[in-house]
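Shown below: data_0.csv, with CSV, C-alpha atoms.
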```
chain,number,residue,atom,x,y,z
A,293,MET,CA,0.0,0.0,0.0
A,294,LEU,CA,1.4,3.3,-1.0
A,295,VAL,CA,1.6,6.1,1.6
A,296,THR,CA,-0.3,9.3,0.9
A,297,LEU,CA,1.4,12.6,1.9
A,298,SER,CA,-1.2,14.8,3.5
A,299,TYR,CA,1.1,17.8,4.2
A,300,GLU,CA,1.8,20.6,1.7
A,301,MET,CA,4.3,19.9,-1.0
A,302,PRO,CA,7.1,22.4,-1.8
A,303,GLU,CA,7.4,23.8,-5.2
A,304,LEU,CA,9.1,21.2,-7.5
A,305,VAL,CA,12.5,22.1,-9.0
A,306,THR,CA,13.2,20.1,-12.1
A,307,ARG,CA,16.1,22.1,-13.4
A,308,ALA,CA,19.1,19.7,-13.9
A,309,PRO,CA,21.3,19.4,-12.0
A,310,LEU,CA,19.5,20.4,-8.8
A,311,ASP,CA,21.5,23.5,-7.6
A,312,ILE,CA,19.7,24.7,-4.5
A,313,HIS,CA,21.7,23.5,-1.5
A,314,ARG,CA,24.2,25.9,0.2
A,315,SER,CA,26.1,25.4,3.4
A,316,THR,CA,29.1,26.6,5.4
A,317,VAL,CA,32.0,24.6,6.9
A,318,LEU,CA,31.4,24.8,10.7
A,319,PRO,CA,34.3,25.3,13.1
A,320,GLU,CA,33.6,21.9,14.8
A,321,TRP,CA,34.0,20.2,11.4
A,322,VAL,CA,37.7,21.1,11.3
A,323,ASP,CA,40.3,18.5,12.5
A,324,TRP,CA,43.9,18.6,13.7
A,325,ASN,CA,45.0,19.0,10.0
A,326,GLY,CA,43.3,22.4,9.9
A,327,HIS,CA,40.7,21.5,7.3
A,328,MET,CA,37.2,19.9,7.2
A,329,ASN,CA,37.5,16.4,8.4
A,330,VAL,CA,36.5,13.6,6.0
A,331,ALA,CA,33.5,12.6,8.0
A,332,PHE,CA,32.0,16.0,7.9
A,333,TYR,CA,32.2,16.1,4.1
A,334,VAL,CA,29.8,13.1,4.4
A,335,ALA,CA,27.6,15.0,6.9
A,336,ALA,CA,27.5,18.0,4.5
A,337,PHE,CA,26.7,15.7,1.6
A,338,ASP,CA,23.9,14.1,3.7
A,339,GLN,CA,22.3,17.5,4.0
A,340,ALA,CA,22.5,17.8,0.2
A,341,SER,CA,20.7,14.5,-0.1
A,342,GLY,CA,18.2,15.9,2.4
A,343,ALA,CA,17.6,18.8,0.0
A,344,PHE,CA,17.0,16.3,-2.9
A,345,MET,CA,14.5,14.4,-0.7
A,346,ARG,CA,12.7,17.6,0.3
A,347,ASN,CA,12.3,18.4,-3.4
A,348,MET,CA,10.6,14.9,-3.7
A,349,GLY,CA,8.3,15.9,-0.9
A,350,LEU,CA,10.1,13.8,1.7
A,351,GLY,CA,11.5,16.3,4.2
A,352,ARG,CA,11.3,16.5,7.9
A,353,ASN,CA,7.4,16.3,7.7
A,354,TYR,CA,7.7,12.8,6.3
A,355,VAL,CA,9.4,11.6,9.4
A,356,ASP,CA,7.6,13.8,11.9
A,357,ASN,CA,4.2,12.5,10.6
A,358,LYS,CA,5.5,9.0,11.1
A,359,LEU,CA,5.0,8.2,7.4
A,360,GLY,CA,8.5,7.1,6.5
A,361,MET,CA,12.2,7.8,6.4
A,362,THR,CA,15.0,7.6,3.9
A,363,PHE,CA,18.2,5.6,4.7
A,364,VAL,CA,21.5,5.7,2.9
A,365,LEU,CA,22.6,2.3,1.8
A,366,GLU,CA,26.0,3.1,0.3
A,367,THR,CA,28.1,6.1,-0.4
A,368,HIS,CA,31.4,6.8,-2.3
A,369,VAL,CA,33.3,10.0,-1.7
A,370,THR,CA,36.2,11.5,-3.6
A,371,TYR,CA,38.2,14.2,-1.7
A,372,ASP,CA,39.4,16.6,-4.3
A,373,ARG,CA,40.5,19.6,-2.4
A,374,GLU,CA,40.7,20.9,1.2
A,375,MET,CA,38.0,23.1,2.7
A,376,LYS,CA,38.8,25.3,5.7
A,377,GLY,CA,36.5,26.5,8.5
A,378,GLY,CA,34.0,29.0,7.3
A,379,ALA,CA,34.3,28.1,3.7
A,380,PRO,CA,31.0,28.5,1.8
A,381,MET,CA,29.8,25.4,-0.1
A,382,ARG,CA,27.6,25.1,-3.1
A,383,PHE,CA,26.2,21.6,-3.9
A,384,THR,CA,24.8,20.3,-7.2
A,385,THR,CA,23.0,17.0,-7.4
A,386,GLN,CA,22.4,14.8,-10.4
A,387,LEU,CA,19.9,12.0,-10.3
A,388,LEU,CA,21.7,9.1,-12.0
A,389,ASP,CA,19.1,6.4,-11.7
A,390,ARG,CA,16.0,5.5,-9.7
A,391,ASP,CA,13.6,2.6,-9.1
A,392,ALA,CA,10.5,2.0,-7.0
A,393,LYS,CA,12.3,2.4,-3.7
A,394,ARG,CA,15.7,3.9,-4.4
A,395,VAL,CA,17.5,6.8,-5.9
A,396,HIS,CA,21.1,6.9,-7.1
A,397,LEU,CA,22.5,10.4,-6.6
A,398,PHE,CA,25.7,12.2,-7.5
A,399,HIS,CA,26.6,15.3,-5.6
A,400,GLU,CA,29.4,17.8,-6.3
A,401,MET,CA,30.6,20.1,-3.6
A,402,HIS,CA,32.2,23.3,-4.8
A,403,HIS,CA,33.8,26.2,-2.9
A,404,ALA,CA,30.9,28.7,-3.5
A,405,GLU,CA,33.2,31.7,-4.0
A,406,GLN,CA,36.4,30.3,-5.5
A,407,GLY,CA,34.4,27.8,-7.6
A,408,TYR,CA,36.8,24.8,-7.3
A,409,LEU,CA,35.5,21.3,-6.9
A,410,ALA,CA,36.1,20.2,-3.3
A,411,ALA,CA,34.6,16.7,-3.3
A,412,THR,CA,32.1,14.4,-4.9
A,413,ASN,CA,29.6,11.9,-3.4
A,414,GLU,CA,27.8,9.2,-5.1
A,415,THR,CA,25.1,7.7,-3.0
A,416,ILE,CA,22.1,5.3,-2.9
A,417,VAL,CA,19.1,6.4,-0.8
A,418,MET,CA,16.2,4.0,0.0
A,419,ASN,CA,12.7,4.7,1.1
A,420,ILE,CA,11.8,3.1,4.5
A,421,ASP,CA,8.4,2.4,6.0
A,422,TYR,CA,8.2,4.2,9.4
A,423,ALA,CA,6.6,1.3,11.4
A,424,SER,CA,8.5,-1.6,10.1
A,425,ARG,CA,11.8,0.2,9.4
A,426,ARG,CA,12.0,-1.8,6.2
A,427,SER,CA,12.2,-0.8,2.6
A,428,ALA,CA,9.0,0.3,0.9
A,429,PRO,CA,8.0,1.9,-2.4
A,430,TRP,CA,8.1,5.7,-2.7
A,431,PRO,CA,4.8,7.4,-1.7
A,432,MET,CA,2.8,8.2,-4.9
A,433,GLN,CA,3.3,12.0,-4.9
A,434,ALA,CA,7.1,11.4,-4.3
A,435,ALA,CA,7.2,8.9,-7.2
A,436,GLU,CA,5.5,11.4,-9.5
A,437,ARG,CA,7.9,14.2,-8.5
A,438,LEU,CA,10.8,11.8,-8.9
A,439,GLU,CA,9.7,11.0,-12.5
A,440,ALA,CA,9.5,14.7,-13.3
A,441,VAL,CA,13.0,15.2,-12.0
A,442,TRP,CA,14.3,12.2,-13.8
A,443,ASP,CA,12.9,13.5,-17.1
A,444,THR,CA,15.4,16.4,-17.0
A,445,HIS,CA,18.3,14.8,-15.2
A,446,LYS,CA,18.5,11.8,-17.5
A,447,ARG,CA,19.6,14.1,-20.3
A,448,LEU,CA,22.8,15.2,-18.4
A,449,PRO,CA,26.1,13.5,-19.3
A,450,ARG,CA,27.3,11.0,-16.7
A,451,PRO,CA,29.9,12.6,-14.4
A,452,ALA,CA,33.4,11.3,-14.9
A,453,LYS,CA,33.8,10.6,-11.2
A,454,ALA,CA,30.7,8.4,-11.0
A,455,GLY,CA,31.0,4.7,-10.8
A,456,ARG,CA,34.5,4.5,-9.4
A,457,VAL,CA,36.1,1.4,-8.0
A,458,MET,CA,38.9,2.0,-5.5
A,459,GLY,CA,42.4,0.7,-6.1
A,460,LEU,CA,46.1,1.6,-6.4
A,461,ALA,CA,46.8,0.0,-9.8
A,462,ARG,CA,44.3,2.3,-11.7
A,463,LYS,CA,46.3,5.5,-11.0
B,948,MET,CA,56.2,4.7,18.9
B,949,ILE,CA,54.1,1.7,20.1
B,950,GLU,CA,55.0,-1.9,19.3
B,951,PRO,CA,52.8,-2.7,16.2
B,952,ASP,CA,50.0,-5.2,16.8
B,953,LEU,CA,50.6,-8.2,14.5
B,954,GLY,CA,47.1,-9.5,14.6
B,955,ALA,CA,45.4,-9.7,11.2
B,956,PRO,CA,43.0,-8.0,10.8
B,957,LEU,CA,44.0,-5.2,13.2
B,958,ASP,CA,41.4,-5.7,15.9
B,959,VAL,CA,42.1,-3.1,18.6
B,960,HIS,CA,39.7,-0.2,18.0
B,961,ARG,CA,36.6,0.1,20.2
B,962,ALA,CA,34.1,2.9,20.5
B,963,THR,CA,30.6,3.7,21.7
B,964,VAL,CA,27.8,5.5,19.7
B,965,LEU,CA,27.6,8.9,21.3
B,966,PRO,CA,24.2,10.8,21.8
B,967,GLU,CA,25.3,13.6,19.4
B,968,TRP,CA,25.8,11.0,16.6
B,969,ILE,CA,22.0,10.2,16.5
B,970,ASP,CA,19.8,11.9,13.9
B,971,TRP,CA,16.0,12.4,13.6
B,972,ASN,CA,15.6,8.8,12.4
B,973,GLY,CA,16.7,7.6,15.8
B,974,HIS,CA,20.0,6.0,14.7
B,975,MET,CA,23.6,6.8,14.1
B,976,ASN,CA,23.7,9.4,11.2
B,977,VAL,CA,25.6,8.4,8.1
B,978,GLY,CA,28.2,11.2,8.7
B,979,PHE,CA,29.0,9.8,12.1
B,980,TYR,CA,29.7,6.3,10.9
B,981,VAL,CA,32.5,8.0,9.1
B,982,VAL,CA,33.5,9.9,12.2
B,983,ALA,CA,33.7,6.6,14.0
B,984,PHE,CA,35.7,5.0,11.1
B,985,ASP,CA,38.0,8.0,10.9
B,986,LYS,CA,39.0,7.3,14.5
B,987,ALA,CA,39.8,3.7,13.5
B,988,THR,CA,42.0,5.2,10.8
B,989,ASP,CA,43.8,7.1,13.6
B,990,THR,CA,44.3,3.8,15.3
B,991,LEU,CA,45.8,2.4,12.1
B,992,CYS,CA,48.0,5.5,11.8
B,993,HIS,CA,49.1,5.1,15.4
B,994,GLN,CA,50.3,1.6,14.5
B,995,LEU,CA,52.3,3.0,11.6
B,996,GLY,CA,53.7,5.9,13.7
B,997,VAL,CA,52.0,8.6,11.7
B,998,SER,CA,49.2,9.7,14.0
B,999,TRP,CA,48.7,12.8,16.1
B,1000,GLU,CA,52.3,13.2,17.2
B,1001,TYR,CA,53.3,13.1,13.5
B,1002,THR,CA,51.3,16.2,12.8
B,1003,ARG,CA,51.9,17.9,16.2
B,1004,ASP,CA,55.7,17.6,15.5
B,1005,LYS,CA,55.1,19.2,12.1
B,1006,ILE,CA,56.5,16.2,10.2
B,1007,GLY,CA,53.5,15.2,8.1
B,1008,MET,CA,49.9,14.4,7.9
B,1009,THR,CA,47.7,11.8,6.3
B,1010,PHE,CA,44.8,12.8,4.0
B,1011,VAL,CA,42.0,10.6,2.8
B,1012,LEU,CA,41.7,10.6,-1.0
B,1013,GLU,CA,38.6,8.5,-1.4
B,1014,ALA,CA,36.1,6.6,0.7
B,1015,HIS,CA,33.4,4.0,0.2
B,1016,VAL,CA,30.9,3.2,2.9
B,1017,THR,CA,28.3,0.4,3.0
B,1018,TYR,CA,25.6,0.9,5.6
B,1019,ASP,CA,24.6,-2.6,6.6
B,1020,ARG,CA,22.6,-2.2,9.8
B,1021,GLU,CA,21.4,0.5,12.1
B,1022,VAL,CA,23.2,1.2,15.4
B,1023,LYS,CA,21.7,3.1,18.3
B,1024,GLU,CA,22.9,5.5,21.0
B,1025,GLY,CA,25.2,3.8,23.5
B,1026,ASP,CA,25.8,0.8,21.2
B,1027,PRO,CA,29.4,-0.6,21.7
B,1028,LEU,CA,31.4,-0.8,18.4
B,1029,ARG,CA,34.3,-3.0,17.4
B,1030,ILE,CA,36.2,-1.9,14.3
B,1031,THR,CA,38.7,-4.1,12.6
B,1032,THR,CA,41.0,-3.0,9.9
B,1033,GLN,CA,42.5,-4.9,6.9
B,1034,ILE,CA,45.3,-3.5,4.7
B,1035,LEU,CA,44.5,-4.3,1.1
B,1036,ASP,CA,47.4,-2.7,-0.7
B,1037,TYR,CA,50.0,0.1,-0.4
B,1038,ASP,CA,52.6,1.9,-2.3
B,1039,ALA,CA,55.3,4.5,-1.6
B,1040,LYS,CA,52.8,7.2,-0.6
B,1041,ARG,CA,49.4,5.5,-0.1
B,1042,VAL,CA,47.6,2.8,1.8
B,1043,HIS,CA,44.4,1.1,0.7
B,1044,TYR,CA,42.5,-0.5,3.5
B,1045,ILE,CA,39.0,-1.5,4.7
B,1046,HIS,CA,37.4,-1.1,8.1
B,1047,MET,CA,34.6,-3.4,9.3
B,1048,MET,CA,32.3,-2.0,12.1
B,1049,TYR,CA,30.6,-4.6,14.2
B,1050,HIS,CA,28.2,-4.3,17.2
B,1051,ALA,CA,30.6,-5.3,19.8
B,1052,ASP,CA,28.1,-7.4,21.9
B,1053,GLU,CA,25.7,-8.7,19.3
B,1054,GLY,CA,28.3,-9.3,16.7
B,1055,PHE,CA,26.4,-8.1,13.6
B,1056,LEU,CA,28.1,-6.1,10.8
B,1057,ALA,CA,26.9,-2.5,11.0
B,1058,ALA,CA,29.0,-0.9,8.2
B,1059,THR,CA,32.2,-1.1,6.2
B,1060,ASN,CA,34.5,1.6,5.0
B,1061,GLU,CA,37.1,1.2,2.3
B,1062,LEU,CA,39.6,4.0,2.1
B,1063,MET,CA,42.6,5.4,0.3
B,1064,LEU,CA,44.9,7.3,2.5
B,1065,MET,CA,47.9,9.4,1.4
B,1066,ASN,CA,51.0,10.6,3.2
B,1067,ILE,CA,51.3,14.4,3.1
B,1068,ASP,CA,54.4,16.6,3.7
B,1069,TYR,CA,53.6,19.1,6.5
B,1070,GLU,CA,55.2,22.1,4.9
B,1071,THR,CA,54.0,21.8,1.3
B,1072,ARG,CA,50.7,20.0,2.1
B,1073,ARG,CA,51.5,17.8,-0.9
B,1074,SER,CA,51.9,14.1,-1.3
B,1075,ALA,CA,55.2,12.6,-0.1
B,1076,PRO,CA,56.7,9.1,0.4
B,1077,TRP,CA,56.0,7.5,3.8
B,1078,PRO,CA,58.7,8.1,6.3
B,1079,ASP,CA,61.1,5.0,6.7
B,1080,TRP,CA,59.5,3.9,10.0
B,1081,ALA,CA,56.0,4.0,8.6
B,1082,MET,CA,57.0,2.1,5.4
B,1083,ALA,CA,58.7,-0.6,7.5
B,1084,ARG,CA,55.6,-1.1,9.6
B,1085,LEU,CA,53.4,-0.9,6.6
B,1086,GLU,CA,55.3,-3.7,4.8
B,1087,LYS,CA,55.2,-5.9,7.9
B,1088,LEU,CA,51.5,-5.4,8.6
B,1089,ALA,CA,50.5,-5.6,4.9
B,1090,ALA,CA,52.3,-9.0,4.6
B,1091,LEU,CA,50.3,-10.4,7.5
B,1092,HIS,CA,47.0,-8.9,6.2
B,1093,ALA,CA,47.7,-10.3,2.7
B,1094,ARG,CA,46.8,-13.8,4.0
B,1095,LEU,CA,43.3,-12.7,4.8
B,1096,PRO,CA,40.5,-13.2,2.2
B,1097,ARG,CA,39.5,-10.1,0.5
B,1098,PRO,CA,36.2,-8.8,2.0
B,1099,PRO,CA,33.3,-8.8,-0.5
B,1100,GLN,CA,32.6,-5.1,0.4
B,1101,ALA,CA,36.0,-4.1,-1.0
B,1102,GLY,CA,36.1,-2.8,-4.6
B,1103,ARG,CA,32.4,-2.2,-4.9
B,1104,LEU,CA,30.8,-0.2,-7.7
B,1105,ILE,CA,27.7,1.8,-6.7
B,1106,GLY,CA,24.6,1.2,-8.8
B,1107,ILE,CA,20.9,0.5,-8.5
B,1108,LYS,CA,20.3,-2.3,-11.0
B,1109,LYS,CA,21.1,-5.2,-8.8
B,1110,THR,CA,19.1,-6.0,-5.7
B,1111,HIS,CA,20.6,-4.7,-2.4
B,1112,GLY,CA,22.6,-6.8,-0.2
B,1113,PRO,CA,25.9,-8.6,-0.7
B,1114,ARG,CA,26.6,-8.5,-4.4
B,1115,PRO,CA,29.2,-10.2,-6.6
B,1116,ARG,CA,32.1,-8.0,-7.5
```

The structure in this file should be written as structure tokens.
Amino acid sequence: MLVTLSYEMPELVTRAPLDIHRSTVLPEWVDWNGHMNVAFYVAAFDQASGAFMRNMGLGRNYVDNKLGMTFVLETHVTYDREMKGGAPMRFTTQLLDRDAKRVHLFHEMHHAEQGYLAATNETIVMNIDYASRRSAPWPMQAAERLEAVWDTHKRLPRPAKAGRVMGLARK
Amino acid sequence: MIEPDLGAPLDVHRATVLPEWIDWNGHMNVGFYVVAFDKATDTLCHQLGVSWEYTRDKIGMTFVLEAHVTYDREVKEGDPLRITTQILDYDAKRVHYIHMMYHADEGFLAATNELMLMNIDYETRRSAPWPDWAMARLEKLAALHARLPRPPQAGRLIGIKKTHGPRPR
């Protein structure tokens, strides 16, 4: 049974890539090397995944109304350049693939003023039923919004850093 | 420097899920799995003699180039964690390894984290060969770890086509 979302939906953004999430490197994210610690890149990217989910209609309301949640299954990060405390971040998000329960996202983090690529994050997010905490199909409104987003995102070229397998020999 | 632990995999790191690591879904947030794993990387670096003192003494640093995490099961506030580390490969400047995070009491696998770590010169903040002591330890530990089977979570490609769960490489 598909969940119905009774709360108000935000205005849908279909422009590709999604380019709405902005953030700042917090002082507590900086480690003894004087830059944003690896883990907080993931925390920052998770917020960008949150922005994508909100655009699908699956923001905080979705959890607070005990309808469902979204869980990350897997994530791959490339660390391309250091970010210091206070640095402004701009995120773009490309939908690479989707099915009835999952989305495959590719985020890029740029220094919002200097423009350089700081990191990328490829991630799989799955819809979860609130009560059972098990995977479940997207709610109908979310699935419709996802298809509208996919319609524009599928025309983008695949990012060079997507689909990487880690190893020493390849370099 | 400490005497290196010759167990394979390295099985010395322990931690507890802190209250501030929990998100609105009531479990450890994806970012804090990586916080927990990064502390296990510190434990590995401590074995190699390139941990906190290495940076404090302005000799060098270690930077992560790339990371891959599989989230296998939820952990909750207060859960005890056991993290093991297996060296998969290394070269003059880098080490490729994988951490496995287990619930320390219940034994289940909670997550894995495959990483590529590079040695960095303190002054230039650019890549540099491992110092001699670290290279010697790396060779020794990597030889012991090479006897272990390669975990199926190493070398994964992210995609949506296959069903979730352990997948063939």

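A straight line drawn from atom CA of Trp321 of chain A to atom CA of Val977 of chain B is 14.9 Å long.
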
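The space separating atom CA of Glu320 of chain A from atom CA of Gly378 of chain A comes to 10.3 Å.
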
>> I need the chain A residues near chain B as a PyMOL selection string; criterion: at most 8 Å, counting all atoms listed in the file.
In response: chain A and resi 324-325+330-335+338+355+361+364-372+389-391+394-396+414-416+455-460

> Can you tell me how far atom CA of Met975 of chain B sits from atom CA of Asp958 of chain B, in Å to one decimal?
Replying inline: 21.8 Å

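Residue nearest His974 of chain B within the list A:Gly349, A:Arg425, A:Leu397, A:Met418: A:Arg425 [criterion: smallest interatomic distance, all atoms listed in the file].
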
> Got a sec to check which residues sit within 8 Å of (7.3, 1.4, -1.8), counting all atoms listed in the file, and write them as an MDAnalysis selection string?
Replying inline: chainID A and resid 293:294 392:393 419:421 427:431

> Can you list, as number ranges by chain, every protein, DNA or RNA residue that comes within 9 Å of segment 1026-1030 of chain B when you count all atoms listed in the file, leaving out same-chain residues fewer than 6 positions away?
Replying inline: B: 957-965, 983-984, 987, 1046-1052, 1054, 1057

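Considering all atoms listed in the file, the residue among B:Thr1031, B:Asn1066, B:Glu1024, B:Ile1045 positioned nearest to Glu967 of chain B is B:Glu1024.
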
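Using all atoms listed in the file, the protein and nucleic acid residues lying no more than 12 Å from Tyr422 of chain A, apart from those fewer than 6 places from it along its own chain, are Val295, Tyr354, Val355, Asp356, Asn357, Lys358, Leu359, Gly360, Met361, Thr362, Phe363 and Ala428 of chain A; Asn972 and Gly973 of chain B.
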
> What residues have an atom no more than 12 Å from (59.2, 7.4, 8.2) in the file's own frame, counting all atoms listed in the file, and can you write them as a count of residues only?
Replying inline: 26

>> Need to verify the contact set: Thr384 of chain A, 8 Å, all atoms listed in the file, exclusion of same-chain residues closer than 3 positions in sequence. Can you return it as a list in words?
In response: Pro309, Leu310, Asp311, Ile312, His313, His399, Glu400 and Met401 of chain A

8 Å per side around segment 970-973 of chain B: axis-aligned box centre and edge lengths, as AutoDock Vina command-line options:
```
--center_x 17.7 --center_y 10.0 --center_z 14.1 --size_x 20.2 --size_y 20.8 --size_z 19.4
```

> With only C-alpha atoms as the atoms that count, which of A:Met328, A:Leu448, A:Met348, A:Ala343 lies nearest to Glu436 of chain A?
Replying inline: A:Met348
